[in-house]
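Colleague: I'm passing along run-v5.pdb; it holds PDB, C-alpha atoms and all ligand atoms.
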ATOM      1  CA  MET A  24      71.146  86.428  83.691
ATOM      2  CA  GLN A  25      72.832  87.596  86.827
ATOM      3  CA  TYR A  26      74.552  85.025  88.997
ATOM      4  CA  LEU A  27      72.406  84.210  92.029
ATOM      5  CA  PRO A  28      74.387  82.676  94.870
ATOM      6  CA  ASP A  29      73.040  79.636  96.708
ATOM      7  CA  LYS A  30      72.707  81.483  99.979
ATOM      8  CA  ILE A  31      70.381  84.165  98.650
ATOM      9  CA  ARG A  32      66.763  83.010  98.429
ATOM     10  CA  PRO A  33      65.143  84.037  95.124
ATOM     11  CA  ASP A  34      62.423  85.943  97.008
ATOM     12  CA  ALA A  35      65.093  87.998  98.787
ATOM     13  CA  ARG A  36      66.868  89.267  95.698
ATOM     14  CA  HIS A  37      65.206  92.671  95.929
ATOM     15  CA  ASN A  38      66.584  93.190  99.406
ATOM     16  CA  ILE A  39      69.686  91.151  99.759
ATOM     17  CA  ILE A  40      71.151  92.888 102.777
ATOM     18  CA  ARG A  41      68.054  92.942 104.951
ATOM     19  CA  ALA A  42      67.354  89.293 104.144
ATOM     20  CA  ALA A  43      70.870  88.156 105.006
ATOM     21  CA  SER A  44      71.728  86.973 108.477
ATOM     22  CA  ARG A  45      75.519  86.784 108.236
ATOM     23  CA  ILE A  46      77.026  89.937 106.833
ATOM     24  CA  VAL A  47      80.556  91.206 106.453
ATOM     25  CA  VAL A  48      80.884  94.922 105.786
ATOM     26  CA  LEU A  49      84.257  95.733 104.268
ATOM     27  CA  THR A  50      85.084  99.425 104.122
ATOM     28  CA  GLY A  51      87.831 101.683 102.816
ATOM     29  CA  ALA A  52      88.688 105.372 102.638
ATOM     30  CA  GLY A  53      85.555 106.141 100.543
ATOM     31  CA  VAL A  54      83.197 105.508 103.484
ATOM     32  CA  SER A  55      84.859 108.440 105.269
ATOM     33  CA  ALA A  56      84.984 110.716 102.198
ATOM     34  CA  GLU A  57      81.832 112.574 103.234
ATOM     35  CA  SER A  58      83.245 113.072 106.725
ATOM     36  CA  GLY A  59      86.049 115.091 105.138
ATOM     37  CA  VAL A  60      88.868 112.659 105.963
ATOM     38  CA  PRO A  61      91.567 113.277 103.336
ATOM     39  CA  THR A  62      92.674 110.320 101.239
ATOM     40  CA  PHE A  63      96.300 109.475 100.569
ATOM     41  CA  ARG A  64      95.838 109.936  96.858
ATOM     42  CA  GLY A  65      93.663 113.053  96.809
ATOM     43  CA  ASP A  66      94.445 116.753  97.324
ATOM     44  CA  GLY A  67      95.365 116.263 100.969
ATOM     45  CA  GLY A  68      97.684 113.423 100.072
ATOM     46  CA  LEU A  69     100.940 115.312 100.356
ATOM     47  CA  TRP A  70     102.426 116.763 103.518
ATOM     48  CA  LYS A  71     105.497 119.000 103.337
ATOM     49  CA  SER A  72     105.998 117.425  99.898
ATOM     50  CA  CYS A  73     106.385 113.971 101.485
ATOM     51  CA  ARG A  74     104.289 111.101 100.178
ATOM     52  CA  ALA A  75     102.488 108.748 102.579
ATOM     53  CA  GLU A  76     104.488 105.856 101.150
ATOM     54  CA  ASP A  77     107.690 107.594 102.309
ATOM     55  CA  LEU A  78     106.484 108.283 105.856
ATOM     56  CA  ALA A  79     104.323 105.309 106.793
ATOM     57  CA  THR A  80     107.162 102.788 106.927
ATOM     58  CA  PRO A  81     109.264 101.235 109.704
ATOM     59  CA  GLU A  82     112.373 102.537 107.936
ATOM     60  CA  ALA A  83     111.127 106.138 107.965
ATOM     61  CA  PHE A  84     110.347 105.853 111.686
ATOM     62  CA  ALA A  85     113.757 104.342 112.451
ATOM     63  CA  ARG A  86     115.442 107.132 110.472
ATOM     64  CA  ASP A  87     113.454 110.075 111.832
ATOM     65  CA  PRO A  88     110.768 109.229 114.428
ATOM     66  CA  ARG A  89     110.144 112.904 115.149
ATOM     67  CA  LEU A  90     109.256 113.634 111.500
ATOM     68  CA  VAL A  91     106.934 110.621 111.298
ATOM     69  CA  TRP A  92     105.263 111.587 114.587
ATOM     70  CA  GLU A  93     104.857 115.169 113.334
ATOM     71  CA  TRP A  94     103.009 113.818 110.290
ATOM     72  CA  TYR A  95     100.796 111.610 112.484
ATOM     73  CA  ALA A  96     100.115 114.513 114.858
ATOM     74  CA  TRP A  97      98.936 116.541 111.839
ATOM     75  CA  ARG A  98      96.738 113.691 110.545
ATOM     76  CA  ARG A  99      95.293 113.035 113.994
ATOM     77  CA  GLU A 100      94.343 116.721 114.357
ATOM     78  CA  ILE A 101      92.544 116.717 111.005
ATOM     79  CA  VAL A 102      90.726 113.439 111.634
ATOM     80  CA  ALA A 103      89.791 114.455 115.195
ATOM     81  CA  ARG A 104      87.781 117.323 113.674
ATOM     82  CA  CYS A 105      85.827 114.879 111.439
ATOM     83  CA  SER A 106      82.688 113.055 112.537
ATOM     84  CA  ALA A 107      81.069 109.797 111.563
ATOM     85  CA  ASN A 108      78.684 110.317 108.623
ATOM     86  CA  ALA A 109      75.357 108.748 107.635
ATOM     87  CA  ALA A 110      77.160 105.754 106.120
ATOM     88  CA  HIS A 111      79.043 104.913 109.344
ATOM     89  CA  HIS A 112      75.815 105.298 111.336
ATOM     90  CA  ALA A 113      73.792 103.107 108.940
ATOM     91  CA  ILE A 114      76.463 100.378 109.101
ATOM     92  CA  ALA A 115      76.549 100.544 112.898
ATOM     93  CA  LYS A 116      72.756 100.209 113.077
ATOM     94  CA  LEU A 117      72.868  97.259 110.666
ATOM     95  CA  ALA A 118      75.350  95.501 112.962
ATOM     96  CA  ALA A 119      73.231  96.252 116.006
ATOM     97  CA  THR A 120      70.154  94.655 114.395
ATOM     98  CA  HIS A 121      72.040  91.775 112.683
ATOM     99  CA  PRO A 122      74.373  90.562 115.460
ATOM    100  CA  GLU A 123      76.148  88.186 113.066
ATOM    101  CA  THR A 124      77.611  91.163 111.239
ATOM    102  CA  LEU A 125      81.336  91.843 111.217
ATOM    103  CA  ILE A 126      82.572  95.265 110.174
ATOM    104  CA  VAL A 127      86.070  95.026 108.715
ATOM    105  CA  THR A 128      87.726  98.312 107.883
ATOM    106  CA  GLN A 129      90.982  99.359 106.295
ATOM    107  CA  ASN A 130      90.509 102.839 107.726
ATOM    108  CA  VAL A 131      92.522 104.141 110.637
ATOM    109  CA  ASP A 132      90.230 107.092 111.391
ATOM    110  CA  GLY A 133      88.166 105.492 114.170
ATOM    111  CA  LEU A 134      84.862 106.695 112.674
ATOM    112  CA  HIS A 135      83.195 103.255 112.707
ATOM    113  CA  SER A 136      83.962 103.067 116.432
ATOM    114  CA  GLU A 137      82.513 106.539 116.919
ATOM    115  CA  ALA A 138      79.294 105.429 115.184
ATOM    116  CA  ALA A 139      79.200 102.277 117.340
ATOM    117  CA  ALA A 140      79.603 104.349 120.491
ATOM    118  CA  ALA A 141      76.771 106.641 119.374
ATOM    119  CA  LEU A 142      74.388 103.651 119.469
ATOM    120  CA  GLY A 143      74.893 103.319 123.214
ATOM    121  CA  GLU A 144      74.387  99.960 124.933
ATOM    122  CA  PRO A 145      73.505  97.225 124.035
ATOM    123  CA  GLY A 146      74.007  97.718 120.272
ATOM    124  CA  SER A 147      77.549  99.022 120.380
ATOM    125  CA  ALA A 148      79.421  95.706 120.779
ATOM    126  CA  PRO A 149      78.512  94.077 117.419
ATOM    127  CA  ALA A 150      79.083  97.432 115.741
ATOM    128  CA  MET A 151      82.706  97.655 116.857
ATOM    129  CA  PRO A 152      84.897  97.265 113.768
ATOM    130  CA  LEU A 153      87.846  95.039 113.169
ATOM    131  CA  GLU A 154      90.438  97.661 112.227
ATOM    132  CA  LEU A 155      92.752  95.730 109.915
ATOM    133  CA  HIS A 156      95.226  98.597 109.566
ATOM    134  CA  GLY A 157      95.037  99.754 113.185
ATOM    135  CA  SER A 158      94.005 103.151 114.485
ATOM    136  CA  LEU A 159      95.447 106.663 114.477
ATOM    137  CA  PHE A 160      94.226 106.978 118.053
ATOM    138  CA  VAL A 161      96.037 104.010 119.586
ATOM    139  CA  ILE A 162      99.761 104.031 120.344
ATOM    140  CA  ARG A 163     102.052 101.128 121.133
ATOM    141  CA  CYS A 164     105.572 100.469 122.336
ATOM    142  CA  THR A 165     108.353  99.900 119.809
ATOM    143  CA  ARG A 166     109.922  97.374 122.216
ATOM    144  CA  CYS A 167     107.328  95.618 124.418
ATOM    145  CA  ALA A 168     103.635  94.679 124.071
ATOM    146  CA  TRP A 169     102.313  97.856 125.746
ATOM    147  CA  ARG A 170      99.580  99.758 123.912
ATOM    148  CA  ARG A 171      96.779 102.107 124.801
ATOM    149  CA  PRO A 172      94.119 104.367 123.276
ATOM    150  CA  HIS A 173      95.586 107.844 122.934
ATOM    151  CA  ARG A 174      93.718 111.008 121.920
ATOM    152  CA  GLU A 175      95.845 113.608 123.694
ATOM    153  CA  PRO A 176      97.768 116.068 121.479
ATOM    154  CA  ILE A 177     101.214 114.846 120.413
ATOM    155  CA  ASP A 178     104.142 117.216 120.903
ATOM    156  CA  ALA A 179     106.516 116.341 118.075
ATOM    157  CA  THR A 180     108.725 119.412 118.298
ATOM    158  CA  LEU A 181     111.657 117.453 119.766
ATOM    159  CA  HIS A 182     112.696 113.834 120.002
ATOM    160  CA  ASP A 183     112.450 114.181 123.793
ATOM    161  CA  THR A 184     108.788 115.205 123.728
ATOM    162  CA  LEU A 185     107.600 112.181 121.699
ATOM    163  CA  PRO A 186     105.257 109.735 123.460
ATOM    164  CA  ARG A 187     106.957 106.940 125.392
ATOM    165  CA  CYS A 188     105.905 103.499 126.597
ATOM    166  CA  GLU A 189     104.453 103.708 130.097
ATOM    167  CA  SER A 190     105.801 100.246 130.894
ATOM    168  CA  CYS A 191     109.416 100.164 129.658
ATOM    169  CA  GLY A 192     110.127 103.759 128.611
ATOM    170  CA  ALA A 193     110.984 102.985 124.982
ATOM    171  CA  LEU A 194     109.684 105.186 122.184
ATOM    172  CA  ALA A 195     106.002 104.685 121.377
ATOM    173  CA  ARG A 196     104.661 104.602 117.823
ATOM    174  CA  PRO A 197     101.254 104.838 116.180
ATOM    175  CA  ALA A 198      99.468 101.459 116.344
ATOM    176  CA  VAL A 199      98.890 101.395 112.608
ATOM    177  CA  VAL A 200     100.150  98.917 110.051
ATOM    178  CA  TRP A 201     102.829 100.516 107.913
ATOM    179  CA  PHE A 202     103.847  99.658 104.362
ATOM    180  CA  GLY A 203     105.928  96.506 104.486
ATOM    181  CA  GLU A 204     104.469  95.316 107.819
ATOM    182  CA  LEU A 205     102.299  92.252 108.359
ATOM    183  CA  LEU A 206      98.678  92.527 109.379
ATOM    184  CA  ASN A 207      97.629  90.929 112.647
ATOM    185  CA  GLN A 208      97.182  87.291 111.600
ATOM    186  CA  THR A 209      94.512  86.472 114.205
ATOM    187  CA  GLU A 210      92.383  89.396 113.083
ATOM    188  CA  LEU A 211      92.921  88.517 109.454
ATOM    189  CA  GLU A 212      91.764  84.953 110.061
ATOM    190  CA  ARG A 213      88.707  86.242 111.862
ATOM    191  CA  ALA A 214      87.886  88.447 108.864
ATOM    192  CA  PHE A 215      88.364  85.589 106.370
ATOM    193  CA  ASP A 216      86.354  83.125 108.491
ATOM    194  CA  ALA A 217      83.478  85.587 108.743
ATOM    195  CA  ALA A 218      83.696  86.377 105.023
ATOM    196  CA  ARG A 219      83.623  82.706 104.026
ATOM    197  CA  ALA A 220      80.531  82.105 106.179
ATOM    198  CA  ALA A 221      78.763  85.308 105.133
ATOM    199  CA  ASP A 222      75.614  85.474 103.024
ATOM    200  CA  VAL A 223      76.673  88.903 101.857
ATOM    201  CA  CYS A 224      79.879  90.913 101.798
ATOM    202  CA  LEU A 225      78.968  94.586 101.524
ATOM    203  CA  VAL A 226      82.007  96.395 100.119
ATOM    204  CA  VAL A 227      81.932 100.158 100.646
ATOM    205  CA  GLY A 228      84.384 102.794  99.432
ATOM    206  CA  THR A 229      87.419 100.694  98.768
ATOM    207  CA  SER A 230      89.362 100.636  95.534
ATOM    208  CA  ALA A 231      90.086  96.974  96.381
ATOM    209  CA  VAL A 232      93.585  97.261  94.992
ATOM    210  CA  VAL A 233      95.272  96.952  98.392
ATOM    211  CA  GLN A 234      95.269  93.344  99.583
ATOM    212  CA  PRO A 235      93.750  91.639 101.456
ATOM    213  CA  ALA A 236      90.584  93.718 100.881
ATOM    214  CA  ALA A 237      89.752  92.132  97.534
ATOM    215  CA  SER A 238      90.479  88.611  98.784
ATOM    216  CA  ILE A 239      88.198  89.022 101.796
ATOM    217  CA  ALA A 240      85.278  89.862  99.520
ATOM    218  CA  LEU A 241      86.125  86.975  97.171
ATOM    219  CA  ALA A 242      86.098  84.587 100.158
ATOM    220  CA  THR A 243      82.373  85.326 100.514
ATOM    221  CA  LEU A 244      81.861  84.466  96.866
ATOM    222  CA  GLU A 245      83.776  81.199  97.292
ATOM    223  CA  GLY A 246      81.605  80.352 100.301
ATOM    224  CA  GLY A 247      78.444  80.722  98.200
ATOM    225  CA  GLY A 248      77.523  84.261  99.283
ATOM    226  CA  ALA A 249      77.224  87.471  97.296
ATOM    227  CA  ILE A 250      79.177  90.701  96.973
ATOM    228  CA  VAL A 251      77.268  93.955  97.066
ATOM    229  CA  GLU A 252      79.349  97.015  96.264
ATOM    230  CA  VAL A 253      78.801 100.714  96.944
ATOM    231  CA  ASN A 254      81.312 102.880  95.121
ATOM    232  CA  PRO A 255      80.888 105.742  92.623
ATOM    233  CA  THR A 256      83.691 104.193  90.577
ATOM    234  CA  GLU A 257      84.177 100.720  89.143
ATOM    235  CA  THR A 258      86.701  98.508  90.977
ATOM    236  CA  PRO A 259      88.300  95.130  90.287
ATOM    237  CA  LEU A 260      85.538  93.634  92.461
ATOM    238  CA  SER A 261      82.712  95.087  90.346
ATOM    239  CA  PRO A 262      82.593  92.192  87.854
ATOM    240  CA  HIS A 263      82.125  89.794  90.796
ATOM    241  CA  ALA A 264      79.395  91.796  92.517
ATOM    242  CA  LEU A 265      75.750  90.766  92.403
ATOM    243  CA  VAL A 266      74.897  94.434  92.714
ATOM    244  CA  SER A 267      77.169  97.468  92.269
ATOM    245  CA  LEU A 268      75.626 100.712  93.418
ATOM    246  CA  ARG A 269      77.393 103.623  91.731
ATOM    247  CA  ASP A 270      76.628 106.052  94.491
ATOM    248  CA  ARG A 271      78.223 107.804  97.443
ATOM    249  CA  ALA A 272      78.143 105.806 100.647
ATOM    250  CA  ALA A 273      76.464 108.427 102.822
ATOM    251  CA  LEU A 274      73.627 108.745 100.296
ATOM    252  CA  ALA A 275      73.165 105.090  99.393
ATOM    253  CA  LEU A 276      73.587 103.247 102.677
ATOM    254  CA  PRO A 277      70.867 104.771 104.882
ATOM    255  CA  ASP A 278      68.281 103.894 102.190
ATOM    256  CA  MET A 279      69.726 100.482 101.578
ATOM    257  CA  LEU A 280      70.242  99.354 105.160
ATOM    258  CA  LEU A 281      67.673 101.112 107.341
TER     259      LEU A 281
HETATM  260  P1  LIG A 301      91.383 104.132  98.217
HETATM  261  O1  LIG A 301      91.763 105.584  98.407
HETATM  262  O2  LIG A 301      92.303 103.266  97.456
HETATM  263  O3  LIG A 301      89.962 104.060  97.504
HETATM  264  C1  LIG A 301      88.873 104.790  97.933
HETATM  265  C2  LIG A 301      87.664 104.300  97.172
HETATM  266  O4  LIG A 301      86.531 104.990  97.659
HETATM  267  C3  LIG A 301      87.730 104.545  95.666
HETATM  268  O5  LIG A 301      87.399 103.357  94.983
HETATM  269  C4  LIG A 301      86.656 105.624  95.432
HETATM  270  O6  LIG A 301      85.997 105.474  94.187
HETATM  271  C5  LIG A 301      85.712 105.350  96.577
HETATM  272  N1  LIG A 301      84.930 106.496  97.013
HETATM  273  C6  LIG A 301      85.253 107.815  96.963
HETATM  274  N2  LIG A 301      84.272 108.552  97.505
HETATM  275  C7  LIG A 301      83.321 107.686  97.908
HETATM  276  C8  LIG A 301      82.067 107.835  98.550
HETATM  277  N3  LIG A 301      81.590 109.051  98.882
HETATM  278  N4  LIG A 301      81.333 106.733  98.825
HETATM  279  C9  LIG A 301      81.808 105.501  98.499
HETATM  280  N5  LIG A 301      82.981 105.301  97.891
HETATM  281  C10 LIG A 301      83.725 106.376  97.598
HETATM  282  O7  LIG A 301      91.067 103.588  99.656
HETATM  283  P2  LIG A 301      91.268 102.139 100.265
HETATM  284  O8  LIG A 301      90.748 101.128  99.299
HETATM  285  O9  LIG A 301      90.705 102.220 101.622
HETATM  286  O10 LIG A 301      92.853 101.967 100.379
HETATM  287  C11 LIG A 301      93.633 103.031 100.866
HETATM  288  C12 LIG A 301      94.582 102.684 101.978
HETATM  289  O11 LIG A 301      94.928 103.903 102.615
HETATM  290  C13 LIG A 301      94.003 101.808 103.051
HETATM  291  O12 LIG A 301      94.971 100.885 103.341
HETATM  292  C14 LIG A 301      93.743 102.724 104.261
HETATM  293  O13 LIG A 301      94.234 102.152 105.461
HETATM  294  C15 LIG A 301      94.549 103.955 103.998
HETATM  295  N6  LIG A 301      93.791 105.206 104.230
HETATM  296  C16 LIG A 301      92.872 105.305 105.239
HETATM  297  C17 LIG A 301      92.126 106.478 105.417
HETATM  298  C18 LIG A 301      91.130 106.576 106.532
HETATM  299  O14 LIG A 301      91.344 106.018 107.600
HETATM  300  N7  LIG A 301      89.987 107.266 106.339
HETATM  301  C19 LIG A 301      92.300 107.551 104.549
HETATM  302  C20 LIG A 301      93.256 107.412 103.528
HETATM  303  C21 LIG A 301      93.984 106.241 103.374
HETATM  304 ZN    ZN A 302     107.507  99.162 126.275
END
Let me see whether you can do it: turn the structure in this file into structure tokens.
Ligand code: NAD
Ligand code: ZN
Modeller:
Amino acid sequence: MQYLPDKIRPDARHNIIRAASRIVVLTGAGVSAESGVPTFRGDGGLWKSCRAEDLATPEAFARDPRLVWEWYAWRREIVARCSANAAHHAIAKLAATHPETLIVTQNVDGLHSEAAAALGEPGSAPAMPLELHGSLFVIRCTRCAWRRPHREPIDATLHDTLPRCESCGALARPAVVWFGELLNQTELERAFDAARAADVCLVVGTSAVVQPAASIALATLEGGGAIVEVNPTETPLSPHALVSLRDRAALALPDMLL
């Protein structure tokens, strides 16, 4: 018999998500697969024969900021041509109709925000994601607390053309979390608090091998809620999930959530 968490009423088993009031949606690169955003590990994973792990680090930026910015400029151009897909839109609508939803994403592509914006007011606020790994389209100062949204093209031809802090003049960097850097602790706590209190953690398109993704979902389980997973492939979270849908996010989610 499948484990039935305390928070899910027996009569709601057939439609766990719609019956839940507190929901955490945890997403990874797979939710953007059908938007055409390349993954680190797939075909688009290499750039000029450099691996992401060798470029997305504070050491790489300290050594050669121009090279790292050139890579980010290339990624930003690709992602800027991609649009939110049916999965992002279904998740945004879920958040708009269940205001106690928190969308937590590991993605840096900004597509959850695009889907939230497409809702227009008043639904857009609950649909704004907590971007655990930051955003490709925000830059911040390497010295002071300055940061701002930034969609303009980056000129990475010379060190002198790289973006600079508009407050202190120091070099600016992408506001993303690099390998070896800490996540924002306040945001992380918010994600864990929401996950612990959630009836359901809907985990979409994450391999759940990069922490803290897996732990966030397990916090829901510890709090008496359920994990529902949407991923064509099995993950380390699958054995803990009440339901694992082996399907692509853009196909499964509109049916499941709307
Ligand atoms: P991952 O690449 O480790 O795993 C992707 C998961 O998505 C896999 O389990 C795969 O089976 C699944 N998947 C593939 N296609 C899918 C689909 N159509 N529908 C649903 N699931 C699908 O991704 P991750 O777990 O997010 O970890 C990768 C790390 O790399 C993260 O830290 C993230 O910040 C970063 N990253 C982000 C982006 C982005 O912003 N879109 C892209 C690449 C990498
Ligand atoms: Zn500054």
Colleague: I'd like the contact shell of Phe160 in chain A - 8 Å cut-off, all atoms listed in the file, skipping same-chain residues fewer than 2 positions apart - returned as a list in words.
Modeller: Arg99, Asp132, Gly133, Ser158, Ile162, Pro172, His173, Arg174, Pro197 and Ala198 of chain A
Colleague: Can you give me, as a ChimeraX atom specification, the residues this file yields under the PyMOL selection byres (((chain A and resi 92) around 12) and not hetatm)?
Modeller: /A:78-80,83-91,93-99,159,162,176-187,194-198
Colleague: Given the choices A:Arg163, A:His112, A:Arg104, A:Lys71, which gets closest to ligand ZN 302 (chain A) if the distance is worked out from all atoms listed in the file?
Modeller: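 Of all the options, A:Arg163 lies closest to ligand ZN 302 (chain A).
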Colleague: To test your reading of the syntax: which residues would the PyMOL selection byres (((not hetatm)) within 8 of (chain A and resi 301)) return for the file shown? Reply as a PyMOL selection string.
Modeller: chain A and resi 50-57+60-65+128-133+155-156+158+227-233+236+253-258+270-273
Colleague: Could you list as an NGL selection string every residue that has an atom within 7 Å of (78.5, 89.5, 109.8), using the file's coordinates and counting all atoms listed in the file?
Modeller: :A and (45-47 or 123-125 or 217 or 221)
Colleague: Find the residues near ligand ZN 302 (chain A). Use a cut-off of 10 Å, count all atoms listed in the file, and write them as a PyMOL selection string.
Modeller: chain A and resi 163-170+187-195
Colleague: Expand the PyMOL selection byres (((chain A and resi 264) around 12) and not hetatm) into the explicit residue set it covers here, and present it as JSON, numbers by chain.
Modeller: {"A": [25, 26, 27, 28, 223, 224, 225, 226, 227, 237, 240, 241, 243, 244, 248, 249, 250, 251, 252, 253, 254, 257, 258, 259, 260, 261, 262, 263, 265, 266, 267, 268]}
Colleague: Those residues you just picked out, can you put them in a file as a CSV table (one decimal), in the frame of the given file with C-alpha atoms?
Modeller:
chain,number,residue,atom,x,y,z
A,25,GLN,CA,72.8,87.6,86.8
A,26,TYR,CA,74.6,85.0,89.0
A,27,LEU,CA,72.4,84.2,92.0
A,28,PRO,CA,74.4,82.7,94.9
A,223,VAL,CA,76.7,88.9,101.9
A,224,CYS,CA,79.9,90.9,101.8
A,225,LEU,CA,79.0,94.6,101.5
A,226,VAL,CA,82.0,96.4,100.1
A,227,VAL,CA,81.9,100.2,100.6
A,237,ALA,CA,89.8,92.1,97.5
A,240,ALA,CA,85.3,89.9,99.5
A,241,LEU,CA,86.1,87.0,97.2
A,243,THR,CA,82.4,85.3,100.5
A,244,LEU,CA,81.9,84.5,96.9
A,248,GLY,CA,77.5,84.3,99.3
A,249,ALA,CA,77.2,87.5,97.3
A,250,ILE,CA,79.2,90.7,97.0
A,251,VAL,CA,77.3,94.0,97.1
A,252,GLU,CA,79.3,97.0,96.3
A,253,VAL,CA,78.8,100.7,96.9
A,254,ASN,CA,81.3,102.9,95.1
A,257,GLU,CA,84.2,100.7,89.1
A,258,THR,CA,86.7,98.5,91.0
A,259,PRO,CA,88.3,95.1,90.3
A,260,LEU,CA,85.5,93.6,92.5
A,261,SER,CA,82.7,95.1,90.3
A,262,PRO,CA,82.6,92.2,87.9
A,263,HIS,CA,82.1,89.8,90.8
A,265,LEU,CA,75.8,90.8,92.4
A,266,VAL,CA,74.9,94.4,92.7
A,267,SER,CA,77.2,97.5,92.3
A,268,LEU,CA,75.6,100.7,93.4
Colleague: For range 134-143 of chain A, I'd like the enclosing box, axis-aligned and padded by 4 Å on every side, reported as JSON with centre and edge lengths in Å to one decimal.
Modeller:
{"center_x": 79.6, "center_y": 104.5, "center_z": 117.9, "size_x": 18.5, "size_y": 12.4, "size_z": 18.5}
Colleague: Start from the incomplete input, build all heavy atoms for range 175-181 of chain A, and deliver everything as a PDB file, in the coordinates of the input.
Modeller:
ATOM      1  N   GLU A 175      95.232 112.355 123.274  1.00  0.00           N
ATOM      2  CA  GLU A 175      95.845 113.608 123.694  1.00  0.00           C
ATOM      3  C   GLU A 175      96.710 114.161 122.550  1.00  0.00           C
ATOM      4  O   GLU A 175      97.222 113.400 121.731  1.00  0.00           O
ATOM      5  CB  GLU A 175      96.763 113.382 124.914  1.00  0.00           C
ATOM      6  CG  GLU A 175      96.094 112.706 126.114  1.00  0.00           C
ATOM      7  CD  GLU A 175      96.189 111.184 126.084  1.00  0.00           C
ATOM      8  OE1 GLU A 175      95.563 110.576 125.181  1.00  0.00           O
ATOM      9  OE2 GLU A 175      96.856 110.601 126.938  1.00  0.00           O
ATOM     10  N   PRO A 176      96.905 115.502 122.523  1.00  0.00           N
ATOM     11  CA  PRO A 176      97.768 116.068 121.479  1.00  0.00           C
ATOM     12  C   PRO A 176      99.194 115.512 121.598  1.00  0.00           C
ATOM     13  O   PRO A 176      99.657 115.221 122.700  1.00  0.00           O
ATOM     14  CB  PRO A 176      97.761 117.575 121.786  1.00  0.00           C
ATOM     15  CG  PRO A 176      96.643 117.800 122.737  1.00  0.00           C
ATOM     16  CD  PRO A 176      96.365 116.510 123.436  1.00  0.00           C
ATOM     17  N   ILE A 177      99.832 115.341 120.442  1.00  0.00           N
ATOM     18  CA  ILE A 177     101.214 114.846 120.413  1.00  0.00           C
ATOM     19  C   ILE A 177     102.140 116.056 120.248  1.00  0.00           C
ATOM     20  O   ILE A 177     101.909 116.881 119.366  1.00  0.00           O
ATOM     21  CB  ILE A 177     101.430 113.916 119.194  1.00  0.00           C
ATOM     22  CG1 ILE A 177     100.465 112.730 119.222  1.00  0.00           C
ATOM     23  CG2 ILE A 177     102.883 113.498 119.046  1.00  0.00           C
ATOM     24  CD1 ILE A 177     100.895 111.556 120.005  1.00  0.00           C
ATOM     25  N   ASP A 178     103.150 116.157 121.077  1.00  0.00           N
ATOM     26  CA  ASP A 178     104.142 117.216 120.903  1.00  0.00           C
ATOM     27  C   ASP A 178     105.348 116.615 120.175  1.00  0.00           C
ATOM     28  O   ASP A 178     106.158 115.884 120.758  1.00  0.00           O
ATOM     29  CB  ASP A 178     104.554 117.768 122.282  1.00  0.00           C
ATOM     30  CG  ASP A 178     105.586 118.891 122.139  1.00  0.00           C
ATOM     31  OD1 ASP A 178     106.034 119.151 121.001  1.00  0.00           O
ATOM     32  OD2 ASP A 178     105.950 119.488 123.177  1.00  0.00           O
ATOM     33  N   ALA A 179     105.435 116.929 118.880  1.00  0.00           N
ATOM     34  CA  ALA A 179     106.516 116.341 118.075  1.00  0.00           C
ATOM     35  C   ALA A 179     107.578 117.377 117.742  1.00  0.00           C
ATOM     36  O   ALA A 179     108.271 117.259 116.732  1.00  0.00           O
ATOM     37  CB  ALA A 179     105.936 115.714 116.807  1.00  0.00           C
ATOM     38  N   THR A 180     107.718 118.383 118.596  1.00  0.00           N
ATOM     39  CA  THR A 180     108.725 119.412 118.298  1.00  0.00           C
ATOM     40  C   THR A 180     110.145 118.888 118.496  1.00  0.00           C
ATOM     41  O   THR A 180     111.059 119.261 117.797  1.00  0.00           O
ATOM     42  CB  THR A 180     108.520 120.684 119.161  1.00  0.00           C
ATOM     43  OG1 THR A 180     108.295 120.271 120.515  1.00  0.00           O
ATOM     44  CG2 THR A 180     107.340 121.513 118.684  1.00  0.00           C
ATOM     45  N   LEU A 181     110.320 117.996 119.470  1.00  0.00           N
ATOM     46  CA  LEU A 181     111.657 117.453 119.766  1.00  0.00           C
ATOM     47  C   LEU A 181     111.564 115.947 119.938  1.00  0.00           C
ATOM     48  O   LEU A 181     110.512 115.420 120.312  1.00  0.00           O
ATOM     49  CB  LEU A 181     112.184 118.028 121.098  1.00  0.00           C
ATOM     50  CG  LEU A 181     112.444 119.526 121.198  1.00  0.00           C
ATOM     51  CD1 LEU A 181     112.712 119.897 122.647  1.00  0.00           C
ATOM     52  CD2 LEU A 181     113.633 119.902 120.313  1.00  0.00           C
TER      53      LEU A 181
END
